[in-house]
Structures are given as structure tokens and as C-alpha cells.
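final_5.txt follows (compact mmCIF, C-alpha atoms):
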# COMPACT_ATOMS: atom_id res chain seq x y z
CA MET E 1 0.00 0.00 0.00
CA ARG E 2 0.93 3.64 -0.38
CA LEU E 3 1.08 4.96 3.15
CA ILE E 4 1.56 8.12 5.16
CA PHE E 5 3.26 7.22 8.44
CA ALA E 6 2.88 9.37 11.56
CA GLY E 7 4.98 8.65 14.65
CA THR E 8 7.81 10.00 16.78
CA PRO E 9 9.51 7.78 19.44
CA GLU E 10 11.19 4.36 19.35
CA PHE E 11 7.84 2.55 19.60
CA ALA E 12 6.84 4.11 16.27
CA ALA E 13 10.26 3.52 14.71
CA ARG E 14 9.85 -0.23 15.21
CA VAL E 15 6.49 -0.06 13.46
CA LEU E 16 7.96 1.91 10.54
CA THR E 17 10.73 -0.69 10.19
CA ALA E 18 8.13 -3.47 9.95
CA LEU E 19 6.14 -1.58 7.31
CA LEU E 20 9.26 -1.11 5.20
CA ARG E 21 10.19 -4.78 5.53
CA ALA E 22 6.66 -5.71 4.40
CA GLY E 23 7.22 -3.74 1.21
CA HIS E 24 4.84 -0.85 1.76
CA ASP E 25 5.45 2.43 -0.05
CA ILE E 26 5.97 5.16 2.56
CA ALA E 27 4.95 8.32 0.71
CA LEU E 28 5.66 10.61 3.67
CA VAL E 29 6.77 10.39 7.29
CA LEU E 30 5.09 12.80 9.71
CA THR E 31 6.91 13.28 12.99
CA GLN E 32 7.01 15.91 15.72
CA PRO E 33 9.46 18.81 15.49
CA ASP E 34 12.89 18.22 17.03
CA LYS E 35 13.01 18.89 20.77
CA PRO E 36 15.75 19.99 23.20
CA ALA E 37 17.55 17.02 24.77
CA GLY E 38 20.61 16.29 26.90
CA ARG E 39 22.50 18.62 29.21
CA GLY E 40 23.11 21.12 26.44
CA LEU E 41 19.42 21.12 25.47
CA ARG E 42 20.31 20.95 21.81
CA LEU E 43 17.55 20.14 19.36
CA ALA E 44 17.50 16.39 18.73
CA PRO E 45 15.40 14.32 16.32
CA GLY E 46 13.08 11.56 17.48
CA ALA E 47 13.72 7.91 16.64
CA VAL E 48 11.31 7.98 13.68
CA LYS E 49 13.04 10.93 12.03
CA THR E 50 16.44 9.31 12.49
CA LEU E 51 15.22 6.09 10.87
CA ALA E 52 13.41 7.90 8.05
CA GLN E 53 16.48 9.92 7.15
CA ALA E 54 18.64 6.78 7.17
CA ARG E 55 16.19 5.17 4.73
CA ALA E 56 15.97 8.33 2.58
CA LEU E 57 12.25 8.74 3.26
CA PRO E 58 10.61 12.17 2.93
CA VAL E 59 10.09 13.72 6.39
CA TYR E 60 7.65 16.48 7.34
CA GLN E 61 7.55 18.02 10.84
CA PRO E 62 4.63 20.43 11.09
CA ALA E 63 3.74 21.89 14.48
CA SER E 64 0.07 21.28 13.62
CA LEU E 65 -1.99 19.46 10.99
CA SER E 66 -4.79 22.02 11.02
CA ASP E 67 -3.62 24.43 8.33
CA ALA E 68 -4.85 24.18 4.75
CA GLN E 69 -1.35 24.05 3.24
CA THR E 70 -0.37 20.98 5.25
CA GLN E 71 -3.63 19.24 4.44
CA ALA E 72 -3.21 19.99 0.74
CA ARG E 73 0.24 18.43 0.84
CA LEU E 74 -1.17 15.27 2.42
CA ARG E 75 -4.06 15.12 -0.03
CA ALA E 76 -1.70 15.34 -3.01
CA LEU E 77 0.08 12.12 -1.95
CA GLY E 78 -2.86 9.89 -2.92
CA ALA E 79 -2.24 7.60 0.05
CA ASP E 80 -4.25 4.45 0.67
CA ALA E 81 -4.00 4.86 4.46
CA MET E 82 -2.27 6.75 7.22
CA VAL E 83 -0.66 4.58 9.91
CA VAL E 84 -0.34 6.37 13.26
CA ALA E 85 1.85 5.17 16.15
CA ALA E 86 2.66 7.40 19.14
CA TYR E 87 2.67 10.52 16.95
CA GLY E 88 1.77 13.04 19.64
CA LEU E 89 -0.21 15.56 17.58
CA ILE E 90 -3.97 15.83 17.15
CA LEU E 91 -5.30 14.69 13.78
CA PRO E 92 -8.28 16.83 12.66
CA GLU E 93 -11.25 15.09 11.05
CA THR E 94 -10.30 16.62 7.71
CA VAL E 95 -6.93 14.83 7.91
CA LEU E 96 -8.50 11.53 8.98
CA ALA E 97 -10.63 11.62 5.83
CA ILE E 98 -7.76 12.24 3.38
CA PRO E 99 -6.45 8.67 2.79
CA ARG E 100 -8.72 6.22 0.97
CA LEU E 101 -8.89 3.92 4.03
CA GLY E 102 -8.61 6.65 6.63
CA ALA E 103 -6.15 6.74 9.54
CA ILE E 104 -5.28 3.58 11.46
CA ASN E 105 -3.81 3.86 14.94
CA ILE E 106 -1.66 1.36 16.83
CA HIS E 107 -2.62 1.77 20.48
CA ALA E 108 -0.77 0.05 23.33
CA SER E 109 -3.75 -1.24 25.31
CA LEU E 110 -6.83 -3.41 24.95
CA LEU E 111 -9.39 -0.72 24.22
CA PRO E 112 -11.53 0.69 25.72
CA ARG E 113 -9.24 0.26 28.73
CA TRP E 114 -6.50 2.88 28.99
CA ARG E 115 -7.35 5.34 26.27
CA GLY E 116 -4.92 8.24 26.28
CA ALA E 117 -1.24 9.11 26.53
CA ALA E 118 0.28 6.62 29.00
CA PRO E 119 -1.46 3.23 28.64
CA ILE E 120 1.66 1.16 29.36
CA GLN E 121 2.51 2.87 32.63
CA ARG E 122 -1.12 2.99 33.79
CA ALA E 123 -1.56 -0.74 33.21
CA ILE E 124 1.46 -1.50 35.40
CA LEU E 125 0.38 0.97 38.09
CA ALA E 126 -3.09 -0.58 38.24
CA GLY E 127 -1.69 -4.09 38.62
CA ASP E 128 -3.32 -5.31 35.41
CA ALA E 129 -2.57 -8.95 34.61
CA CYS E 130 -2.44 -8.28 30.88
CA THR E 131 -2.44 -5.56 28.26
CA GLY E 132 -2.10 -5.67 24.50
CA ILE E 133 -2.31 -3.89 21.18
CA SER E 134 -5.43 -2.53 19.51
CA ILE E 135 -5.40 -1.59 15.83
CA MET E 136 -8.03 1.12 15.65
CA GLN E 137 -9.79 3.05 12.91
CA MET E 138 -9.33 6.62 14.09
CA ASP E 139 -12.30 8.94 14.58
CA ARG E 140 -12.78 12.37 16.16
CA GLY E 141 -12.70 11.04 19.74
CA LEU E 142 -9.74 10.18 21.96
CA ASP E 143 -8.97 6.53 21.11
CA THR E 144 -12.68 5.84 20.65
CA GLY E 145 -12.61 4.43 17.11
CA ALA E 146 -13.70 0.96 16.03
CA VAL E 147 -11.13 -1.80 16.56
CA LEU E 148 -9.90 -3.66 13.48
CA ALA E 149 -7.78 -6.18 15.42
CA ALA E 150 -6.46 -6.73 18.93
CA GLU E 151 -4.05 -9.09 20.63
CA SER E 152 -3.37 -9.47 24.34
CA LEU E 153 -0.03 -9.76 26.13
CA PRO E 154 0.56 -10.81 29.75
CA ILE E 155 2.32 -8.35 32.06
CA ALA E 156 5.18 -10.14 33.81
CA ALA E 157 5.75 -9.59 37.52
CA ASP E 158 9.08 -7.89 36.77
CA ASP E 159 7.98 -5.86 33.73
CA THR E 160 8.98 -2.21 33.76
CA ALA E 161 7.54 0.42 31.46
CA ALA E 162 10.68 -0.02 29.34
CA SER E 163 10.43 -3.80 29.00
CA LEU E 164 6.68 -3.77 28.36
CA TYR E 165 7.12 -0.93 25.86
CA ALA E 166 9.57 -3.09 23.88
CA LYS E 167 7.24 -6.10 23.88
CA LEU E 168 4.23 -4.05 22.80
CA ALA E 169 6.21 -2.30 20.08
CA GLU E 170 7.11 -5.65 18.53
CA LEU E 171 3.52 -6.88 18.85
CA GLY E 172 2.14 -3.67 17.33
CA ALA E 173 4.57 -3.83 14.42
CA ARG E 174 3.56 -7.41 13.65
CA LEU E 175 -0.16 -6.82 14.03
CA ILE E 176 -0.34 -3.71 11.80
CA VAL E 177 1.40 -5.59 8.98
CA THR E 178 -1.20 -8.36 9.30
CA VAL E 179 -4.10 -5.89 9.28
CA LEU E 180 -2.80 -4.04 6.23
CA ALA E 181 -2.38 -7.34 4.36
CA GLN E 182 -6.01 -8.17 5.15
CA LEU E 183 -7.20 -4.73 4.05
CA GLU E 184 -5.49 -5.18 0.69
CA HIS E 185 -7.91 -8.03 -0.01
CA GLY E 186 -11.07 -6.25 1.12
CA PRO E 187 -12.71 -4.41 4.01
CA LEU E 188 -12.51 -5.75 7.57
CA ARG E 189 -15.37 -5.85 10.05
CA PRO E 190 -14.44 -3.29 12.70
CA GLN E 191 -15.76 -3.86 16.20
CA GLN E 192 -17.20 -0.87 18.00
CA GLN E 193 -15.67 -0.38 21.43
CA ALA E 194 -17.81 -1.40 24.39
CA ALA E 195 -19.31 1.42 26.40
CA ALA E 196 -18.40 -0.31 29.66
CA GLY E 197 -14.84 -0.66 30.94
CA ALA E 198 -13.43 2.52 29.44
CA SER E 199 -10.62 4.19 31.38
CA TYR E 200 -8.27 7.09 30.72
CA ALA E 201 -4.46 6.82 30.82
CA ALA E 202 -3.46 10.34 31.80
CA LYS E 203 -0.01 11.65 30.94
CA LEU E 204 2.61 11.02 33.65
CA THR E 205 3.73 13.81 35.96
CA LYS E 206 6.86 14.13 38.08
CA ALA E 207 4.66 14.71 41.13
CA GLU E 208 3.17 11.23 40.70
CA ALA E 209 6.66 9.75 40.71
CA GLU E 210 7.29 10.95 44.27
CA ILE E 211 6.88 7.95 46.56
CA ASP E 212 4.27 8.15 49.29
CA TRP E 213 5.57 5.63 51.83
CA SER E 214 2.14 5.44 53.49
CA GLU E 215 0.88 3.53 50.42
CA THR E 216 1.08 -0.26 50.37
CA ALA E 217 4.34 -1.94 49.38
CA PRO E 218 2.82 -3.65 46.31
CA ARG E 219 1.49 -0.28 45.10
CA ILE E 220 4.90 1.37 45.51
CA GLU E 221 6.68 -1.57 43.84
CA ARG E 222 4.38 -1.15 40.83
CA LYS E 223 5.17 2.56 40.80
CA VAL E 224 8.90 1.79 40.68
CA ARG E 225 8.35 -0.39 37.61
CA ALA E 226 5.84 1.92 35.92
CA PHE E 227 8.12 4.97 36.19
CA ASN E 228 11.20 3.14 34.89
CA PRO E 229 12.82 4.64 32.80
CA GLU E 230 10.91 7.96 32.99
CA PRO E 231 10.70 9.91 35.20
CA GLY E 232 11.93 7.45 37.87
CA ALA E 233 10.24 6.82 41.23
CA SER E 234 11.73 9.37 43.62
CA THR E 235 12.15 9.99 47.33
CA LYS E 236 14.40 11.99 49.68
CA LEU E 237 16.62 11.22 52.64
CA ASN E 238 17.92 14.15 54.70
CA GLY E 239 17.22 16.46 51.75
CA ALA E 240 19.12 14.33 49.23
CA GLY E 241 17.12 13.23 46.19
CA LEU E 242 17.07 9.52 45.41
CA LYS E 243 15.56 7.54 42.54
CA ILE E 244 14.57 3.92 42.99
CA TRP E 245 14.90 1.72 39.92
CA ARG E 246 14.33 -1.81 41.16
CA ALA E 247 12.66 -3.20 44.28
CA ARG E 248 10.62 -6.07 45.67
CA VAL E 249 8.00 -6.41 48.37
CA SER E 250 9.21 -7.49 51.82
CA PRO E 251 7.00 -8.91 54.62
CA MET E 252 8.62 -6.64 57.25
CA GLU E 253 6.54 -3.96 58.96
CA GLY E 254 7.20 -0.58 60.55
CA ALA E 255 6.34 3.12 60.53
CA PRO E 256 6.01 4.27 56.88
CA GLY E 257 9.26 5.62 55.47
CA THR E 258 11.44 4.08 58.17
CA VAL E 259 14.60 2.25 57.10
CA LEU E 260 14.29 -1.18 58.70
CA GLU E 261 17.35 -2.95 57.32
CA THR E 262 20.40 -2.25 55.14
CA GLY E 263 22.91 -4.66 53.68
CA ALA E 264 23.98 -6.73 50.72
CA ASN E 265 20.42 -7.90 50.09
CA GLY E 266 19.00 -4.38 49.80
CA ILE E 267 17.59 -1.45 51.75
CA VAL E 268 14.27 -2.29 53.41
CA VAL E 269 11.87 0.63 53.91
CA ALA E 270 8.56 0.31 55.74
CA CYS E 271 5.37 1.16 53.83
CA GLY E 272 1.73 1.58 54.80
CA THR E 273 1.53 -2.21 54.76
CA GLN E 274 4.58 -4.48 54.47
CA ALA E 275 7.84 -2.96 53.24
CA LEU E 276 9.85 -2.33 50.09
CA CYS E 277 13.28 -3.88 49.64
CA VAL E 278 15.18 -1.47 47.38
CA LEU E 279 17.58 -3.33 45.09
CA GLU E 280 18.83 -0.58 42.77
CA LEU E 281 18.87 3.18 43.29
CA GLN E 282 20.55 6.41 42.29
CA ARG E 283 21.58 9.62 44.00
CA ALA E 284 20.93 12.91 42.20
CA GLY E 285 23.80 13.42 39.76
CA GLY E 286 25.11 9.90 40.35
CA LYS E 287 24.90 6.52 38.64
CA ARG E 288 22.33 3.78 39.04
CA LEU E 289 23.84 1.28 41.46
CA PRO E 290 22.90 -1.99 43.19
CA ALA E 291 21.95 -1.27 46.81
CA ALA E 292 25.07 -2.92 48.27
CA GLN E 293 27.35 -0.83 46.08
CA PHE E 294 25.32 2.32 46.71
CA LEU E 295 25.71 1.91 50.49
CA GLY E 296 29.49 1.93 50.04
CA GLY E 297 29.37 5.62 49.16
CA PHE E 298 26.15 6.86 50.78
CA ARG E 299 25.35 6.21 54.43
CA ILE E 300 21.83 5.03 55.22
CA ALA E 301 21.23 3.85 58.78
CA CYS E 302 18.42 1.77 60.24
CA GLY E 303 15.83 3.99 61.90
CA GLU E 304 16.27 6.90 59.50
CA ARG E 305 13.10 8.20 57.83
CA LEU E 306 12.65 8.87 54.13
CA GLU E 307 10.72 12.05 53.43
CA PHE E 308 7.23 11.94 51.94
CA SER E 309 3.91 13.73 51.83
CA PRO E 310 0.80 11.51 51.84
CA LYS E 311 -1.33 12.18 48.77
CA THR E 312 -4.40 10.86 47.06
CA ALA E 313 -3.69 7.88 44.83
CA ILE E 314 -4.17 8.48 41.11

Give the structure from this file in C-alpha cells form.
Amino acid sequence: MRLIFAGTPEFAARVLTALLRAGHDIALVLTQPDKPAGRGLRLAPGAVKTLAQARALPVYQPASLSDAQTQARLRALGADAMVVAAYGLILPETVLAIPRLGAINIHASLLPRWRGAAPIQRAILAGDACTGISIMQMDRGLDTGAVLAAESLPIAADDTAASLYAKLAELGARLIVTVLAQLEHGPLRPQQQAAAGASYAAKLTKAEAEIDWSETAPRIERKVRAFNPEPGASTKLNGAGLKIWRARVSPMEGAPGTVLETGANGIVVACGTQALCVLELQRAGGKRLPAAQFLGGFRIACGERLEFSPKTAI
């Protein structure tokens, strides 16, 4: 098929790679404008732009798709479909109607659960047993379109947002190729999303990443995994910022935020119920280190209290 592809991060780059391998003609790659990155805050391209340039594909980075000039450019391509994966810009109805088969979105959840910006992290935070990919015919709503295909994926007990992201990217890439092959031979029967069971995956905030030690240990352990790699579950000890990257639930008990044990097996901190055994952490400006190695350069004593402000769970 002749396709317009719209996407920005690594998730989308894996999808674009699969489309190219399947032999589709990518008429244009839409991706977000370059953004400041790194300590120098220099403008840096996203993963999709980097891949597209390496494959000599035409790249277009409009700040919006609402203007008539941009829409005329898209219309002139004569595309069969637009494939959208983690693009990050709103697609007006006029744009959705331009390709012959409309715009098809690869969404990292089993719709209608976790519509919105952060479905992978929200699924981990909620303790969901599984998630998946939905290939959706886009409409004017927020991830409300009819589903062309879906496939589930179990969430492992040790999955982080990074590891689940990688699994879902591969699944999404495979599933969109299958759907496009089916569409080449005739229309599919889209399934309207159920009215019940819809939930919204709000964008992550740094405030959410601050650990509230009065929450249960399983909840905090899920937060550690959901916020890995961005923005990192955070806490403070004596004013020093710490990020926790890996942890497990411990049966120990104590006053929330109290350090109960330190040693080669980890740093055990009491929670609202049970405790969290911190296995890997990082001091502000430092490197991610296993707990035993971290303790060699940063003193944490039993009985000390990690700082936190109780807040309403999101």
C-alpha cells in the first residue's frame, strides 16, 4: 500500500521498520518537530526521524496538521491509508478523511481500557494482569474508534515500562502488517468499542513519581516499575534526592518511610503495609547502582526516615 506514516519515538520507529520490511510504499513520514535534549538542550530528532532519514524517506515536521497548506500536501500524496503510532499531535477530522482507508492507529492497550497518553505505565500501576495492542480506525474522539484487530499480552511480575514498551512495540509492528495485508484483499469488520470498561491513561507527571511511603508496598513496587525509565520513582533522605529503579515487596513492617534494614540484600523501607526492599537506586547526579554498592558511598542507617507527603492515589 501507499502509506503516510505518523509517529515520533522508538515505539513508532519499530512499526515503521516493519512496514518497510513488508514492502509498503511510505509516501511521507510525519513526525514531531525536534526537541531539546541532553545537558546542552540541543535540538535532537526523534527515533522515527532518524530512521526515516537513514532510509531516505521524505520527512515532514509540522507543528500542527490544522492548516490548509499541510492538508493539501497530504491530499496530493494519494495515500491508501495513514498509519499512526505514538505521533503526539492531534489529527483533525479533515486529515482523517484524506487517505482512501482513513487513519489507522496502533494503540498500546486493549481498548476501551486505557485510552490516552500513557497506557503502558497505567496498566502496570493498576496491577493489570495483561495488556495488549489494539489496531483502531481513528475517529474524532480520543482513542474511541472501532477496533480492526487486537491481541493481548501478559504483564510479567518484573515488567517495567521499558520492558513492556519493547514487547508491545514488537507486537504492534507485527499486528499492523497483518491488518494491512487483510485490508489489501477487502474491508474488515471493525468492532465498536464497548461502552463499559473505558478508562483514561493520563499523561505522567513528576509529582506522581514521588513515593508516598504510606501507600502499600505492592502499590509502591508497581510505581517503581511503571516509572522506569521515565521519570523514575523518587524519594528523599535528609534532603538528598534519590531515585529507585528496582525493588521487591518485603513482609517486614514498621512506621512508613522508616529504614528497617540495610545490607547486601538491599535497603528495606517500611510502607503503609509491608515494606519495600530497594535493590537498585541512584543519588541525584550519580549513577544507578545496586543497593550494596550504593551503600558503600552513601550512608543510610536503620531507623532513619525517608521524606514523603501523603497524597491521594491516582

- request: Pick out the residues sitting within 10 Å of Leu101 of chain E, and hand them over as JSON, numbers by chain; count all atoms listed in the file, and ignore anything fewer than 3 positions along from it in its own chain.
  value: {"E": [79, 80, 81, 82, 96, 97, 98, 104, 137, 183, 187]}

message: List the spatial neighbours of segment 289-305 of chain E as a PyMOL selection string - criterion: any atom at most 8 Å away, all atoms listed in the file, same-chain residues fewer than 4 positions off excluded.
response: chain E and resi 237+257-267+278-282

- prompt: Which is closest to Ala161 of chain E among E:Gly285, E:Gly7, E:Gly232, E:Pro190, if we use only C-alpha atoms?
  reply: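 Under the stated criterion, the closest residue is E:Gly232.
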
Per residue of segment 76-185 of chain E within 9 Å of segment 196-220 of chain E, what are the shortest atom pair and its distance in Å to one decimal, counting all atoms listed in the file, with rows by chain and residue number, as CSV?
residue,atom,partner,partner_atom,distance
E:Leu111,CA,E:Ala198,CA,7.4
E:Pro112,CA,E:Ala198,CA,4.6
E:Arg113,CA,E:Ala198,CA,4.8
E:Trp114,CA,E:Ala201,CA,4.8
E:Arg115,CA,E:Tyr200,CA,4.9
E:Gly116,CA,E:Ala201,CA,4.8
E:Ala117,CA,E:Lys203,CA,5.2
E:Ala118,CA,E:Ala201,CA,5.1
E:Pro119,CA,E:Ala201,CA,5.2
E:Ile120,CA,E:Ala201,CA,8.5
E:Gln121,CA,E:Ala201,CA,8.2
E:Arg122,CA,E:Ala201,CA,5.9
E:Ala123,CA,E:Ala201,CA,8.4
E:Leu125,CA,E:Arg219,CA,7.2
E:Ala126,CA,E:Arg219,CA,8.3
E:Gly127,CA,E:Arg219,CA,8.2

Write a file of the selected residues as an mmCIF file, in the frame of the given file, keeping C-alpha atoms.
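This went into selection.cif:
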data_model
loop_
_atom_site.group_PDB
_atom_site.id
_atom_site.type_symbol
_atom_site.label_atom_id
_atom_site.label_comp_id
_atom_site.auth_asym_id
_atom_site.auth_seq_id
_atom_site.Cartn_x
_atom_site.Cartn_y
_atom_site.Cartn_z
ATOM 1 C CA LEU E 111 -9.390 -0.720 24.220
ATOM 2 C CA PRO E 112 -11.530 0.690 25.720
ATOM 3 C CA ARG E 113 -9.240 0.260 28.730
ATOM 4 C CA TRP E 114 -6.500 2.880 28.990
ATOM 5 C CA ARG E 115 -7.350 5.340 26.270
ATOM 6 C CA GLY E 116 -4.920 8.240 26.280
ATOM 7 C CA ALA E 117 -1.240 9.110 26.530
ATOM 8 C CA ALA E 118 0.280 6.620 29.000
ATOM 9 C CA PRO E 119 -1.460 3.230 28.640
ATOM 10 C CA ILE E 120 1.660 1.160 29.360
ATOM 11 C CA GLN E 121 2.510 2.870 32.630
ATOM 12 C CA ARG E 122 -1.120 2.990 33.790
ATOM 13 C CA ALA E 123 -1.560 -0.740 33.210
ATOM 14 C CA LEU E 125 0.380 0.970 38.090
ATOM 15 C CA ALA E 126 -3.090 -0.580 38.240
ATOM 16 C CA GLY E 127 -1.690 -4.090 38.620
#

query: Which distance in Å separates atom CA of Arg39 of chain E and atom CA of Ala63 of chain E, to one decimal?
result: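 So the two atoms, atom CA of Arg39 of chain E and atom CA of Ala63 of chain E, lie 24.1 Å apart.
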
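From atom CA of Val177 of chain E back to atom CA of Leu28 of chain E, the distance works out to 17.6 Å.
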
- prompt: Between atom CA of Gly23 of chain E and atom CA of Arg2 of chain E, what is the distance, to one decimal in Å?
  reply: 9.8 Å

Padding 5 Å on every side, please: axis-aligned box over the listed atoms of segment 153-171 of chain E, centre and edge lengths to one decimal in Å, as lines of an AutoDock Vina configuration file.
center_x = 5.3
center_y = -5.2
center_z = 28.0
size_x = 20.7
size_y = 21.2
size_z = 29.0

task: Would you mind listing what lies within 12 Å of Gly145 of chain E as a PyMOL selection string, with only C-alpha atoms counted and same-chain residues fewer than 2 positions away left out?
output: chain E and resi 96+102-107+111-112+115+134-143+147-149+190-195

task: Select, from E:Asp159, E:Asp128, E:Glu184, E:Glu151, the residue with the minimum atom-to-atom distance to Gly172 of chain E, counting only C-alpha atoms.
output: E:Glu151

query: Using only C-alpha atoms, which residues sit within 6 Å of segment 55-61 of chain E once same-chain residues fewer than 4 positions away are excluded, as a PyMOL selection string?
result: chain E and resi 28-33

Please list as a PDB file with C-alpha atoms, in the frame of the given file every residue within 12 Å of Thr70 of chain E, counting only C-alpha atoms and excluding residues in the same chain fewer than 4 positions away.
ATOM      1  CA  LEU E  30       5.090  12.800   9.710  1.00  0.00           C
ATOM      2  CA  TYR E  60       7.650  16.480   7.340  1.00  0.00           C
ATOM      3  CA  GLN E  61       7.550  18.020  10.840  1.00  0.00           C
ATOM      4  CA  PRO E  62       4.630  20.430  11.090  1.00  0.00           C
ATOM      5  CA  ALA E  63       3.740  21.890  14.480  1.00  0.00           C
ATOM      6  CA  SER E  64       0.070  21.280  13.620  1.00  0.00           C
ATOM      7  CA  LEU E  65      -1.990  19.460  10.990  1.00  0.00           C
ATOM      8  CA  SER E  66      -4.790  22.020  11.020  1.00  0.00           C
ATOM      9  CA  LEU E  74      -1.170  15.270   2.420  1.00  0.00           C
ATOM     10  CA  ARG E  75      -4.060  15.120  -0.030  1.00  0.00           C
ATOM     11  CA  ALA E  76      -1.700  15.340  -3.010  1.00  0.00           C
ATOM     12  CA  LEU E  77       0.080  12.120  -1.950  1.00  0.00           C
ATOM     13  CA  LEU E  91      -5.300  14.690  13.780  1.00  0.00           C
ATOM     14  CA  PRO E  92      -8.280  16.830  12.660  1.00  0.00           C
ATOM     15  CA  THR E  94     -10.300  16.620   7.710  1.00  0.00           C
ATOM     16  CA  VAL E  95      -6.930  14.830   7.910  1.00  0.00           C
ATOM     17  CA  ILE E  98      -7.760  12.240   3.380  1.00  0.00           C
TER      18      ILE E  98
END

- request: Considering all atoms listed in the file, state which residue in the set E:Asn238, E:Leu43, E:Phe11, E:Phe308 is at the smallest distance from Lys167 of chain E.
  value: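 Checking each of E:Asn238, E:Leu43, E:Phe11, E:Phe308 against Lys167 of chain E, counting all atoms listed in the file, the winner is E:Phe11.
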
Counting all atoms listed in the file, the residue of E:Val15, E:Leu171, E:Leu153, E:Ala146 that sits nearest Ala52 of chain E: E:Val15
